[in-house]
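**Q** This is run-v1.txt (compact mmCIF, C-alpha atoms).
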```
# COMPACT_ATOMS: atom_id res chain seq x y z
CA MET A 1455 39.57 -61.22 74.66
CA THR A 1456 42.96 -59.64 75.41
CA ARG A 1457 44.64 -62.23 73.25
CA PHE A 1458 42.22 -61.52 70.45
CA LYS A 1459 43.04 -57.83 70.73
CA PHE A 1460 46.77 -58.48 70.55
CA TRP A 1461 46.27 -60.55 67.42
CA LEU A 1462 44.19 -57.73 66.02
CA LEU A 1463 46.99 -55.24 66.77
CA ILE A 1464 49.52 -57.45 64.98
CA PHE A 1465 47.07 -57.81 62.08
CA CYS A 1466 46.72 -54.00 61.97
CA VAL A 1467 50.48 -53.49 61.88
CA VAL A 1468 50.78 -56.03 59.06
CA ILE A 1469 48.09 -54.47 56.91
CA ILE A 1470 49.42 -50.94 57.60
CA LEU A 1471 52.82 -52.02 56.30
CA LEU A 1472 51.27 -53.98 53.47
CA ASP A 1473 49.18 -50.97 52.50
CA LYS A 1474 52.18 -48.62 52.67
CA PHE A 1475 54.61 -50.77 50.67
CA SER A 1476 52.31 -52.39 48.10
CA PHE A 1477 50.31 -51.35 45.07
CA ILE A 1478 47.21 -51.07 47.29
CA SER A 1479 48.45 -47.72 48.55
CA LYS A 1480 48.82 -46.31 45.02
CA MET A 1481 45.46 -47.68 44.03
CA ARG A 1482 43.90 -46.08 47.07
CA ASP A 1483 45.57 -42.81 46.20
CA TYR A 1484 44.15 -42.93 42.68
CA ILE A 1485 40.69 -43.70 44.02
CA ALA A 1486 41.06 -41.00 46.67
CA VAL A 1487 42.05 -38.40 44.08
CA TYR A 1488 39.14 -39.41 41.86
CA VAL A 1489 36.65 -39.29 44.73
CA GLN A 1490 38.11 -35.98 45.91
CA LYS A 1491 37.77 -34.53 42.41
CA GLN A 1492 34.19 -35.70 41.99
CA THR A 1493 33.27 -34.45 45.45
CA SER A 1494 34.83 -31.08 44.72
CA ILE A 1495 32.84 -30.85 41.50
CA ILE A 1496 29.62 -31.72 43.32
CA VAL A 1497 30.38 -29.19 46.06
CA TYR A 1498 31.19 -26.57 43.43
CA HIS A 1499 27.87 -27.20 41.71
CA ILE A 1500 25.97 -27.11 44.99
CA LYS A 1501 27.69 -23.85 45.99
CA ASN A 1502 27.16 -22.18 42.64
CA TYR A 1503 23.66 -23.46 41.95
CA PRO A 1504 21.89 -20.33 43.30
CA LYS A 1505 24.23 -18.12 41.26
CA LEU A 1506 23.60 -20.22 38.16
CA VAL A 1507 19.84 -20.03 38.65
CA LEU A 1508 20.01 -16.25 39.11
CA LEU A 1509 22.27 -15.93 36.08
CA GLN A 1510 19.95 -18.06 33.97
CA GLN A 1511 16.96 -16.02 35.08
CA SER A 1512 18.65 -12.72 34.29
CA GLU A 1513 19.83 -14.10 30.94
CA GLN A 1514 16.32 -15.30 30.20
CA TYR A 1515 14.93 -11.87 31.11
CA ASN A 1516 17.52 -10.19 28.85
CA LEU A 1517 16.70 -12.58 26.02
CA GLU A 1518 12.99 -11.91 26.43
CA SER A 1519 13.43 -8.14 26.33
CA GLU A 1520 15.83 -8.44 23.39
CA ASN A 1521 13.34 -10.69 21.62
CA THR A 1522 10.56 -8.15 22.16
CA LYS A 1523 12.76 -5.35 20.82
CA LEU A 1524 13.72 -7.43 17.78
CA LYS A 1525 10.07 -8.26 17.09
CA GLN A 1526 9.21 -4.56 17.24
CA GLN A 1527 12.09 -3.81 14.88
CA VAL A 1528 10.93 -6.52 12.47
CA GLU A 1529 7.45 -5.00 12.61
CA GLN A 1530 8.82 -1.52 11.88
CA TYR A 1531 11.01 -2.77 9.05
CA SER A 1532 8.16 -4.74 7.49
CA VAL A 1533 6.01 -1.59 7.55
CA LEU A 1534 8.86 0.39 5.99
CA LEU A 1535 9.36 -2.31 3.38
CA LYS A 1536 5.68 -2.28 2.55
CA GLN A 1537 5.74 1.50 2.28
CA GLN A 1538 8.77 1.28 0.01
CA LYS A 1539 7.01 -1.26 -2.20
CA ASN A 1540 3.94 0.98 -2.33
CA LEU A 1541 6.15 3.92 -3.24
CA ASP A 1542 7.75 1.89 -6.01
CA THR A 1543 4.34 0.91 -7.34
CA ASP A 1544 3.15 4.50 -7.11
CA GLU A 1545 6.24 5.69 -8.91
CA LYS A 1546 5.71 3.17 -11.71
CA SER A 1547 2.07 4.13 -12.14
CA LEU A 1548 2.98 7.82 -12.08
CA ASP A 1549 5.64 7.20 -14.70
CA SER A 1550 3.18 5.40 -16.95
CA LEU A 1551 0.64 8.19 -16.42
CA ALA A 1552 3.26 10.76 -17.34
CA LEU A 1553 4.09 8.80 -20.47
CA GLN A 1554 0.42 8.60 -21.35
CA SER A 1555 -0.03 12.35 -20.79
CA ARG A 1556 2.39 13.08 -23.60
CA LEU A 1557 0.14 11.25 -26.06
CA TYR A 1558 -2.63 13.81 -25.78
CA ASN A 1559 -1.33 16.77 -27.74
CA ASN A 1560 -4.29 19.09 -27.38
CA TYR A 1561 -4.93 18.34 -23.76
CA GLY A 1562 -3.32 19.65 -20.61
CA THR A 1563 -2.88 17.05 -17.89
CA SER A 1564 -2.99 17.13 -14.13
CA VAL A 1565 -2.13 14.07 -12.07
CA ALA A 1566 -4.16 13.57 -8.89
CA ARG A 1567 -4.60 10.93 -6.21
CA ALA A 1568 -7.86 9.04 -6.08
CA ILE A 1569 -9.74 8.93 -2.79
CA ILE A 1570 -12.01 5.91 -2.68
CA ASP A 1571 -14.68 6.27 -0.03
CA ILE A 1572 -18.20 5.09 0.74
CA ASN A 1573 -19.49 7.47 -1.90
CA TYR A 1574 -17.87 5.32 -4.56
CA LEU A 1575 -19.75 2.21 -3.44
CA VAL A 1576 -23.15 3.89 -3.07
CA ASN A 1577 -23.28 6.61 -5.74
CA HIS A 1578 -20.49 5.61 -8.11
CA LYS A 1579 -18.72 8.85 -7.39
CA MET A 1580 -15.17 9.38 -6.29
CA LEU A 1581 -13.01 12.16 -4.86
CA ILE A 1582 -9.60 13.30 -6.04
CA ASP A 1583 -7.16 15.40 -4.06
CA LYS A 1584 -7.08 18.32 -6.50
CA GLY A 1585 -9.63 21.05 -6.99
CA SER A 1586 -10.13 24.56 -8.29
CA GLY A 1587 -6.82 25.55 -6.70
CA ASN A 1588 -5.16 23.27 -9.25
CA ASN A 1589 -7.18 24.57 -12.20
CA ILE A 1590 -9.55 21.62 -12.22
CA GLU A 1591 -12.90 22.47 -13.79
CA VAL A 1592 -16.27 20.78 -14.02
CA GLY A 1593 -16.71 18.55 -17.06
CA GLU A 1594 -13.08 17.63 -17.54
CA ALA A 1595 -12.21 14.06 -18.45
CA VAL A 1596 -10.63 11.70 -15.95
CA VAL A 1597 -8.53 8.81 -17.26
CA ASN A 1598 -5.65 6.60 -16.31
CA GLN A 1599 -3.27 4.37 -18.27
CA LEU A 1600 -5.97 1.69 -18.73
CA GLY A 1601 -8.79 3.86 -19.97
CA VAL A 1602 -11.56 6.29 -19.10
CA ILE A 1603 -12.64 6.61 -15.47
CA GLY A 1604 -15.26 9.35 -15.58
CA GLN A 1605 -15.75 13.07 -15.55
CA VAL A 1606 -15.32 15.88 -13.04
CA SER A 1607 -18.76 16.73 -11.63
CA ILE A 1608 -18.12 19.00 -8.65
CA VAL A 1609 -15.06 21.10 -7.94
CA ASN A 1610 -14.06 22.29 -4.48
CA ASN A 1611 -10.99 24.28 -3.54
CA LYS A 1612 -8.77 21.27 -2.75
CA THR A 1613 -10.84 18.31 -3.89
CA SER A 1614 -13.06 17.40 -6.77
CA GLN A 1615 -15.81 14.86 -7.24
CA ILE A 1616 -15.65 12.49 -10.17
CA ILE A 1617 -18.75 10.88 -11.60
CA LEU A 1618 -17.78 7.36 -12.63
CA LEU A 1619 -18.79 5.49 -15.80
CA ALA A 1620 -21.16 3.18 -13.95
CA ASN A 1621 -23.18 6.08 -12.54
CA PRO A 1622 -26.68 6.21 -14.17
CA ASP A 1623 -26.24 9.96 -14.75
CA PHE A 1624 -23.12 9.41 -16.84
CA LYS A 1625 -23.31 9.29 -20.62
CA ILE A 1626 -20.47 8.96 -23.13
CA TYR A 1627 -20.13 8.55 -26.89
CA LEU A 1628 -18.24 5.43 -27.91
CA GLN A 1629 -17.18 3.66 -31.04
CA THR A 1630 -16.02 0.19 -31.89
CA VAL A 1631 -12.36 -0.22 -32.70
CA ASP A 1632 -12.91 -1.98 -36.03
CA SER A 1633 -16.02 -0.47 -37.62
CA LYS A 1634 -15.90 2.91 -35.88
CA SER A 1635 -19.68 2.73 -35.42
CA LYS A 1636 -20.76 5.42 -32.98
CA MET A 1637 -23.06 4.69 -30.04
CA LEU A 1638 -24.13 6.22 -26.72
CA ALA A 1639 -23.36 4.44 -23.47
CA GLN A 1640 -24.94 5.08 -20.10
CA GLY A 1641 -24.14 3.85 -16.58
CA THR A 1642 -26.48 1.25 -15.15
CA GLY A 1643 -25.72 1.80 -11.47
CA ASN A 1644 -24.37 -1.72 -10.98
CA ASN A 1645 -20.80 -1.30 -12.16
CA ASN A 1646 -21.74 -1.75 -15.81
CA LEU A 1647 -22.69 0.38 -18.80
CA ILE A 1648 -25.46 -0.23 -21.28
CA VAL A 1649 -25.26 0.72 -24.93
CA LYS A 1650 -28.66 1.06 -26.58
CA TYR A 1651 -29.87 1.55 -30.13
CA ILE A 1652 -27.10 -0.37 -31.83
CA SER A 1653 -27.97 -0.90 -35.42
CA LYS A 1654 -28.43 -4.55 -36.40
CA SER A 1655 -25.89 -4.04 -39.13
CA THR A 1656 -23.19 -3.02 -36.65
CA ASN A 1657 -20.74 -5.80 -36.11
CA ILE A 1658 -20.43 -5.98 -32.35
CA LYS A 1659 -19.90 -9.01 -30.16
CA ALA A 1660 -18.93 -9.95 -26.66
CA GLY A 1661 -15.25 -9.24 -25.96
CA ASP A 1662 -15.05 -6.14 -28.20
CA VAL A 1663 -13.49 -3.07 -26.64
CA LEU A 1664 -15.32 0.24 -27.07
CA VAL A 1665 -13.24 3.40 -27.22
CA THR A 1666 -13.82 7.15 -27.13
CA THR A 1667 -14.72 8.91 -30.36
CA GLY A 1668 -12.84 12.19 -29.78
CA LEU A 1669 -15.82 14.12 -31.17
CA ASP A 1670 -17.09 15.48 -27.87
CA ASP A 1671 -14.11 17.74 -27.06
CA ILE A 1672 -13.97 16.15 -23.62
CA TYR A 1673 -12.07 12.89 -24.24
CA PRO A 1674 -9.26 12.36 -26.73
CA ALA A 1675 -10.02 9.76 -29.38
CA ASN A 1676 -9.41 6.00 -29.03
CA ILE A 1677 -9.13 5.73 -25.25
CA PRO A 1678 -10.55 2.37 -24.08
CA VAL A 1679 -13.77 2.75 -22.11
CA ALA A 1680 -15.52 -0.57 -21.74
CA LYS A 1681 -15.52 -4.17 -22.83
CA VAL A 1682 -18.66 -5.76 -24.26
CA ILE A 1683 -19.97 -8.56 -22.08
CA ARG A 1684 -23.24 -9.42 -23.79
CA VAL A 1685 -25.17 -8.28 -26.87
CA PHE A 1686 -28.92 -8.79 -27.01
CA TYR A 1687 -31.88 -7.86 -29.17
CA GLU A 1688 -34.56 -5.52 -27.97
CA ASN A 1689 -38.07 -5.30 -29.39
CA ASN A 1690 -37.53 -1.78 -30.69
CA GLY A 1691 -35.56 -3.05 -33.68
CA PHE A 1692 -32.13 -2.36 -32.27
CA ASN A 1693 -29.53 -4.35 -30.39
CA SER A 1694 -28.30 -3.44 -26.92
CA ALA A 1695 -25.02 -4.33 -25.25
CA ILE A 1696 -23.96 -4.66 -21.64
CA CYS A 1697 -20.39 -3.48 -21.13
CA GLN A 1698 -17.94 -3.53 -18.26
CA PRO A 1699 -15.56 -0.60 -17.68
CA VAL A 1700 -11.94 -1.44 -18.51
CA VAL A 1701 -10.76 0.34 -15.38
CA ASP A 1702 -11.04 -1.52 -12.07
CA TYR A 1703 -12.06 1.24 -9.66
CA ASN A 1704 -11.01 -0.79 -6.65
CA LYS A 1705 -7.37 -0.58 -7.72
CA LEU A 1706 -7.28 3.11 -8.52
CA GLN A 1707 -4.47 5.16 -7.05
CA TYR A 1708 -3.51 7.95 -9.42
CA ILE A 1709 -5.57 9.44 -12.20
CA VAL A 1710 -5.04 12.06 -14.89
CA VAL A 1711 -7.42 14.95 -15.38
CA LEU A 1712 -7.45 16.04 -19.02
CA LYS A 1713 -8.15 19.67 -19.87
CA ASN A 1714 -8.99 20.42 -23.50
CA ALA A 1715 -6.65 23.23 -24.59
CA ASN A 1716 -9.03 24.31 -27.38
CA LYS A 1717 -11.88 25.08 -25.00
CA MET B 519 11.47 -60.33 67.90
CA GLN B 520 14.97 -59.82 69.30
CA THR B 521 16.46 -60.79 65.93
CA SER B 522 14.35 -58.22 64.09
CA SER B 523 15.36 -55.44 66.51
CA LEU B 524 19.02 -56.41 66.02
CA LYS B 525 18.58 -56.27 62.25
CA ALA B 526 16.95 -52.84 62.55
CA GLY B 527 19.88 -51.70 64.69
CA GLN B 528 22.36 -53.00 62.09
CA ILE B 529 20.51 -51.21 59.29
CA LYS B 530 20.55 -47.99 61.30
CA LEU B 531 24.28 -48.49 61.89
CA ILE B 532 24.96 -49.02 58.17
CA VAL B 533 22.85 -46.02 57.15
CA LEU B 534 24.49 -43.80 59.78
CA THR B 535 27.98 -44.95 58.70
CA LEU B 536 27.24 -44.17 55.04
CA PHE B 537 25.70 -40.82 55.94
CA LEU B 538 28.70 -39.85 58.08
CA SER B 539 31.08 -40.94 55.30
CA ILE B 540 29.34 -38.67 52.80
CA VAL B 541 29.28 -35.74 55.25
CA GLN B 542 32.97 -36.29 56.05
CA LEU B 543 33.82 -36.33 52.34
CA LEU B 544 31.87 -33.13 51.78
CA ILE B 545 33.39 -31.31 54.76
CA ASN B 546 36.94 -32.38 53.87
CA SER B 547 36.48 -31.44 50.21
CA SER B 548 34.76 -28.11 50.66
CA SER B 549 36.65 -26.66 53.65
CA ILE B 550 40.12 -26.39 55.10
CA ILE B 551 39.05 -28.42 58.14
CA TYR B 552 39.76 -32.15 58.32
CA ALA B 553 36.90 -33.74 60.26
CA ASP B 554 37.34 -37.42 61.16
CA LEU B 555 33.63 -38.02 61.74
CA LEU B 556 33.94 -41.79 61.45
CA GLY B 557 36.80 -41.72 63.98
CA VAL B 558 34.61 -39.88 66.49
CA PHE B 559 31.79 -42.27 65.68
CA LEU B 560 34.04 -45.26 66.37
CA VAL B 561 35.15 -43.84 69.73
CA VAL B 562 31.54 -43.14 70.78
CA LEU B 563 30.55 -46.69 69.82
CA LEU B 564 33.54 -48.19 71.64
CA VAL B 565 33.14 -46.20 74.84
CA ASN B 566 29.43 -47.02 74.95
CA GLN B 567 30.28 -50.63 74.04
CA PHE B 568 27.44 -50.52 71.56
CA CYS B 569 28.78 -52.74 68.78
CA LEU B 570 30.32 -56.11 68.26
CA TYR B 571 34.02 -56.07 67.37
CA ARG B 572 33.42 -57.28 63.84
CA GLN B 573 31.18 -54.26 63.22
CA LEU B 574 33.83 -51.93 64.67
CA ILE B 575 36.50 -53.55 62.46
CA ILE B 576 34.42 -52.94 59.33
CA ILE B 577 33.65 -49.31 60.29
CA ALA B 578 37.34 -48.76 61.11
CA PHE B 579 38.39 -49.96 57.65
CA PHE B 580 35.72 -47.72 56.17
CA ALA B 581 37.09 -44.79 58.18
CA ASP B 582 40.60 -45.55 56.81
CA ILE B 583 39.37 -45.51 53.25
CA VAL B 584 37.28 -42.35 53.60
CA GLY B 585 39.90 -40.53 55.69
CA HIS B 586 42.82 -41.52 53.38
CA TRP B 587 44.72 -43.37 56.13
CA TYR B 588 46.61 -46.61 55.64
CA LEU B 589 44.30 -49.59 56.14
CA GLY B 590 44.31 -50.65 59.78
CA THR B 591 45.23 -47.26 61.28
CA HIS B 592 41.84 -46.58 62.87
CA LEU B 593 41.52 -50.17 64.02
CA PHE B 594 44.95 -50.10 65.64
CA ALA B 595 44.12 -46.90 67.52
CA LEU B 596 40.70 -48.26 68.49
CA ILE B 597 42.11 -51.54 69.86
CA THR B 598 44.78 -49.60 71.73
CA ILE B 599 42.27 -47.40 73.57
CA SER B 600 39.88 -50.30 74.07
CA PHE B 601 42.23 -51.70 76.78
CA LEU B 602 41.47 -48.56 78.82
CA ALA B 603 37.83 -48.26 77.72
CA ASP B 604 36.98 -51.77 78.94
CA LYS B 605 38.21 -50.98 82.41
CA TYR B 606 36.52 -47.58 82.38
CA PHE B 607 33.12 -48.86 81.18
CA ASN B 608 31.60 -49.50 84.65
CA PHE B 609 32.34 -45.94 85.72
CA TYR B 610 31.10 -44.63 82.37
CA LYS B 611 27.77 -46.43 82.83
CA ILE B 612 26.99 -44.59 86.04
CA SER B 613 28.24 -41.20 84.77
CA ASN B 614 25.92 -38.34 83.87
CA ILE B 615 25.77 -36.89 80.34
CA PHE B 616 28.39 -34.23 81.00
CA GLN B 617 30.84 -36.79 82.40
CA LYS B 618 30.12 -39.10 79.49
CA ILE B 619 30.91 -36.33 76.98
CA ILE B 620 34.14 -35.52 78.84
CA SER B 621 35.02 -39.21 78.77
CA ILE B 622 34.38 -39.40 75.03
CA ILE B 623 36.55 -36.30 74.49
CA VAL B 624 39.36 -37.84 76.52
CA PHE B 625 39.14 -41.16 74.69
CA TYR B 626 38.97 -39.45 71.33
CA SER B 627 42.05 -37.42 72.23
CA LEU B 628 43.91 -40.65 73.03
CA PHE B 629 42.57 -42.23 69.85
CA ASN B 630 43.70 -39.23 67.82
CA GLY B 631 47.08 -39.32 69.53
CA VAL B 632 47.61 -42.94 68.52
CA ILE B 633 46.55 -42.17 64.95
CA THR B 634 48.96 -39.21 64.86
CA ILE B 635 51.82 -41.43 66.07
CA ILE B 636 50.99 -44.00 63.35
CA GLY B 637 50.84 -41.14 60.85
CA LEU B 638 54.25 -39.91 61.94
CA LEU B 639 55.73 -43.40 61.72
CA THR B 640 54.27 -44.09 58.29
CA HIS B 641 54.92 -40.53 57.02
CA ASN B 642 51.20 -40.15 56.43
CA ILE B 643 51.07 -37.08 58.67
CA ARG B 644 47.94 -35.07 59.26
CA VAL B 645 48.31 -32.90 62.36
CA ASP B 646 45.84 -30.04 62.42
CA THR B 647 45.23 -28.35 65.76
CA LEU B 648 42.18 -26.38 64.62
CA SER B 649 40.51 -29.51 63.26
CA PHE B 650 41.34 -31.39 66.45
CA ILE B 651 39.83 -28.65 68.64
CA ILE B 652 36.69 -28.57 66.50
CA GLU B 653 36.46 -32.34 66.68
CA ILE B 654 36.63 -32.50 70.45
CA ILE B 655 34.52 -29.43 71.21
CA VAL B 656 31.86 -29.71 68.51
CA LEU B 657 31.87 -33.14 66.93
CA CYS B 658 32.20 -35.31 70.04
CA PRO B 659 29.09 -33.93 71.81
CA ILE B 660 27.12 -33.90 68.55
CA MET B 661 28.13 -37.46 67.74
CA PHE B 662 27.25 -38.55 71.28
CA ALA B 663 23.80 -37.00 70.85
CA ILE B 664 23.30 -38.50 67.38
CA VAL B 665 24.34 -41.99 68.39
CA GLY B 666 22.21 -41.78 71.54
CA LYS B 667 19.19 -40.57 69.58
CA ILE B 668 19.40 -42.75 66.48
CA LEU B 669 20.97 -45.97 67.70
CA GLY B 670 19.68 -45.83 71.28
CA LEU B 671 22.33 -46.22 73.97
CA SER B 672 20.02 -48.20 76.23
CA THR B 673 21.00 -51.36 74.36
CA VAL B 674 24.32 -51.43 76.16
CA ASP B 675 23.70 -54.76 77.83
CA THR B 676 23.45 -56.57 74.46
CA LEU B 677 27.12 -56.02 73.71
CA PHE B 678 30.42 -57.46 73.71
CA ASN B 679 29.27 -61.01 73.72
CA ASP B 680 32.08 -62.26 71.48
```
Written as structure tokens, how would this file's structure read?

**A**
Amino acid sequence: MTRFKFWLLIFCVVIILLDKFSFISKMRDYIAVYVQKQTSIIVYHIKNYPKLVLLQQSEQYNLESENTKLKQQVEQYSVLLKQQKNLDTDEKSLDSLALQSRLYNNYGTSVARAIIDINYLVNHKMLIDKGSGNNIEVGEAVVNQLGVIGQVSIVNNKTSQIILLANPDFKIYLQTVDSKSKMLAQGTGNNNLIVKYISKSTNIKAGDVLVTTGLDDIYPANIPVAKVIRVFYENNGFNSAICQPVVDYNKLQYIVVLKNANK
Amino acid sequence: MQTSSLKAGQIKLIVLTLFLSIVQLLINSSSIIYADLLGVFLVVLLVNQFCLYRQLIIIAFFADIVGHWYLGTHLFALITISFLADKYFNFYKISNIFQKIISIIVFYSLFNGVITIIGLLTHNIRVDTLSFIIEIIVLCPIMFAIVGKILGLSTVDTLFND
């Protein structure tokens, strides 16, 4: 055993010298440096892992709060944008109403905002935001750039009630654009008007637009009122026609109240 | 049956060697202390005469590679102190735990001394008093406990048959 140990000692001395003075030493150094580097990196990651996790969590929290704020901002801006678009639309419709107002020489005009409520659906009546305080009077015509809407029926201090064309209590004199034949229209209560007692000789057909006559001192002449949907014969010797108002009440925003200056 | 228990012991030895290598790498990379865990492990194995020489030779080469010493340094130091350890083994067997730990500390000090001399001769010097004190006060008892617990020091009589 002692001999074996001596041989081992000699072997150790040989490989120590061999290791020191050969390429093995350099190779070992390279490997050692590489292993050292990798180990240091691993240790660094292990040491900093809790910090990284905390940092990631705080960053995530910040991002979440920032995201919430940005979403709120987007919401606010979209509302503002919508309001701006509505304002633009309102401005355009007001401009067109103002242009239209100049066409009626004998009539004073007053622009008001329409208030559509449940009354409109049930009774075919509508409110506007102007009343006796703005010189609105009962019986005045209400129109917009498309045509006739109705007539002022009740006036309060700050609001007024408009009776719409489709209301059964509403009556209006109309004429055809081509033949100027006069006729009386009345609301049916279901968003339409009916024109009765049309002479058989009157040339009227579906698609014709009926306009105001200008003879009643309420409406100026030639304002579109309704469009003929169907013409039919009644047993009393006259034709009748079902008409649809040219104004879509659902889209009303601003209206013009016309006051006859000669009254 | 005996063969299977030997194989299990060898597997434990391999696993423990690899584990100690990793721990040594981590300690040496992440702190200013140089801990020669495999060196202490070798001394504990030698003093307890637990392993065959071929196993000690392999672990010694492994310790050289992990500890950045020239190949053969640990083996040289181990063989050198083995002349004393062989003669001391009968006394060591009848010692109590405290005496055994003191013996391991003394043998490790000699082992470290030989390594330091080799280091000085080959200009691969690593003399660190703090590390040495930590090794003999902390690592030697811990290693003694670990080897006793995991490898089982009662297998002493199976050794040194070569």

**Q** With chain B as the partner and 7 Å as the cut-off, tabulate the residues of chain A that qualify, each row holding the nearest pair of atoms and their distance in Å to one decimal, using only C-alpha atoms, sorted by chain and rising number, as a tab-separated table.

**A**
```
residue	atom	partner	partner_atom	distance
A:Lys1459	CA	B:Ile597	CA	6.4
A:Leu1463	CA	B:Phe594	CA	5.6
A:Cys1466	CA	B:Gly590	CA	4.7
A:Ile1469	CA	B:Gly590	CA	6.1
A:Ile1470	CA	B:Leu589	CA	5.5
A:Asp1473	CA	B:Tyr588	CA	6.0
A:Lys1474	CA	B:Tyr588	CA	6.6
A:Ala1486	CA	B:His586	CA	7.0
A:Gln1490	CA	B:Ser547	CA	6.5
A:Thr1493	CA	B:Ser547	CA	6.5
A:Ser1494	CA	B:Ser547	CA	5.7
A:Val1497	CA	B:Ser548	CA	6.4
```

**Q** Listed atoms of stretch 573-585 of chain B, axis-aligned box, 6 Å per side: centre and edge lengths to one decimal in Å, as AutoDock Vina command-line options?

**A**
```
--center_x 35.9 --center_y -47.4 --center_z 59.0 --size_x 21.4 --size_y 25.7 --size_z 23.4
```

**Q** Just give me the gap between atom CA of A:Ala1675 and atom CA of A:Asn1577 in Å, one decimal is fine.

**A** 27.3 Å

**Q** For A:Asp1670, list every protein, DNA or RNA residue within 12 Å, evaluated using all atoms listed in the file, and leave out those in the same chain fewer than 6 positions away; present the list as a list in words.

**A** Gly1593, Glu1594, Ala1595, Lys1625, Ile1626, Tyr1627, Leu1628, Lys1636, Leu1638, Asn1714, Asn1716 and Lys1717 of chain A

**Q** Applying 9 Å and all atoms listed in the file, which residues near stretch 1621-1623 of chain A remain after dropping the ones on its own chain fewer than 3 positions away? List them as a PDB file with C-alpha atoms, in the coordinates of the input.

**A**
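The new file part-v6.pdb reads:
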```pdb
ATOM      1  CA  ASN A1577     -23.280   6.610  -5.740  1.00  0.00           C
ATOM      2  CA  HIS A1578     -20.490   5.610  -8.110  1.00  0.00           C
ATOM      3  CA  LYS A1579     -18.720   8.850  -7.390  1.00  0.00           C
ATOM      4  CA  ILE A1617     -18.750  10.880 -11.600  1.00  0.00           C
ATOM      5  CA  LEU A1618     -17.780   7.360 -12.630  1.00  0.00           C
ATOM      6  CA  GLN A1640     -24.940   5.080 -20.100  1.00  0.00           C
ATOM      7  CA  GLY A1641     -24.140   3.850 -16.580  1.00  0.00           C
ATOM      8  CA  THR A1642     -26.480   1.250 -15.150  1.00  0.00           C
ATOM      9  CA  GLY A1643     -25.720   1.800 -11.470  1.00  0.00           C
ATOM     10  CA  ASN A1644     -24.370  -1.720 -10.980  1.00  0.00           C
ATOM     11  CA  ASN A1645     -20.800  -1.300 -12.160  1.00  0.00           C
ATOM     12  CA  ASN A1646     -21.740  -1.750 -15.810  1.00  0.00           C
ATOM     13  CA  LEU A1647     -22.690   0.380 -18.800  1.00  0.00           C
TER      14      LEU A1647
END
```

**Q** Report the distance between atom CA of B:Ile664 and atom CA of A:Ile1495 in Å, rounded to one decimal place.

**A**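 Straight-line distance from atom CA of B:Ile664 to atom CA of A:Ile1495 works out to 28.6 Å.
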
**Q** If we count only C-alpha atoms and set the cut-off at 12 Å, which residues sit around stretch 604-618 of chain B, ignoring sequence neighbours fewer than 2 positions away in its own chain? Please answer as a PyMOL selection string.

**A** (chain A and resi 1455-1456+1459) or (chain B and resi 561-568+596-602+620-625+658-659+662-663+666+671-675+677-678)

**Q** Those residues you just picked out, can you put them in a file as a PDB file, keeping the file's coordinate frame with C-alpha atoms?

**A**
```pdb
ATOM      1  CA  MET A1455      39.570 -61.220  74.660  1.00  0.00           C
ATOM      2  CA  THR A1456      42.960 -59.640  75.410  1.00  0.00           C
ATOM      3  CA  LYS A1459      43.040 -57.830  70.730  1.00  0.00           C
TER       4      LYS A1459
ATOM      5  CA  VAL B 561      35.150 -43.840  69.730  1.00  0.00           C
ATOM      6  CA  VAL B 562      31.540 -43.140  70.780  1.00  0.00           C
ATOM      7  CA  LEU B 563      30.550 -46.690  69.820  1.00  0.00           C
ATOM      8  CA  LEU B 564      33.540 -48.190  71.640  1.00  0.00           C
ATOM      9  CA  VAL B 565      33.140 -46.200  74.840  1.00  0.00           C
ATOM     10  CA  ASN B 566      29.430 -47.020  74.950  1.00  0.00           C
ATOM     11  CA  GLN B 567      30.280 -50.630  74.040  1.00  0.00           C
ATOM     12  CA  PHE B 568      27.440 -50.520  71.560  1.00  0.00           C
ATOM     13  CA  LEU B 596      40.700 -48.260  68.490  1.00  0.00           C
ATOM     14  CA  ILE B 597      42.110 -51.540  69.860  1.00  0.00           C
ATOM     15  CA  THR B 598      44.780 -49.600  71.730  1.00  0.00           C
ATOM     16  CA  ILE B 599      42.270 -47.400  73.570  1.00  0.00           C
ATOM     17  CA  SER B 600      39.880 -50.300  74.070  1.00  0.00           C
ATOM     18  CA  PHE B 601      42.230 -51.700  76.780  1.00  0.00           C
ATOM     19  CA  LEU B 602      41.470 -48.560  78.820  1.00  0.00           C
ATOM     20  CA  ILE B 620      34.140 -35.520  78.840  1.00  0.00           C
ATOM     21  CA  SER B 621      35.020 -39.210  78.770  1.00  0.00           C
ATOM     22  CA  ILE B 622      34.380 -39.400  75.030  1.00  0.00           C
ATOM     23  CA  ILE B 623      36.550 -36.300  74.490  1.00  0.00           C
ATOM     24  CA  VAL B 624      39.360 -37.840  76.520  1.00  0.00           C
ATOM     25  CA  PHE B 625      39.140 -41.160  74.690  1.00  0.00           C
ATOM     26  CA  CYS B 658      32.200 -35.310  70.040  1.00  0.00           C
ATOM     27  CA  PRO B 659      29.090 -33.930  71.810  1.00  0.00           C
ATOM     28  CA  PHE B 662      27.250 -38.550  71.280  1.00  0.00           C
ATOM     29  CA  ALA B 663      23.800 -37.000  70.850  1.00  0.00           C
ATOM     30  CA  GLY B 666      22.210 -41.780  71.540  1.00  0.00           C
ATOM     31  CA  LEU B 671      22.330 -46.220  73.970  1.00  0.00           C
ATOM     32  CA  SER B 672      20.020 -48.200  76.230  1.00  0.00           C
ATOM     33  CA  THR B 673      21.000 -51.360  74.360  1.00  0.00           C
ATOM     34  CA  VAL B 674      24.320 -51.430  76.160  1.00  0.00           C
ATOM     35  CA  ASP B 675      23.700 -54.760  77.830  1.00  0.00           C
ATOM     36  CA  LEU B 677      27.120 -56.020  73.710  1.00  0.00           C
ATOM     37  CA  PHE B 678      30.420 -57.460  73.710  1.00  0.00           C
TER      38      PHE B 678
END
```
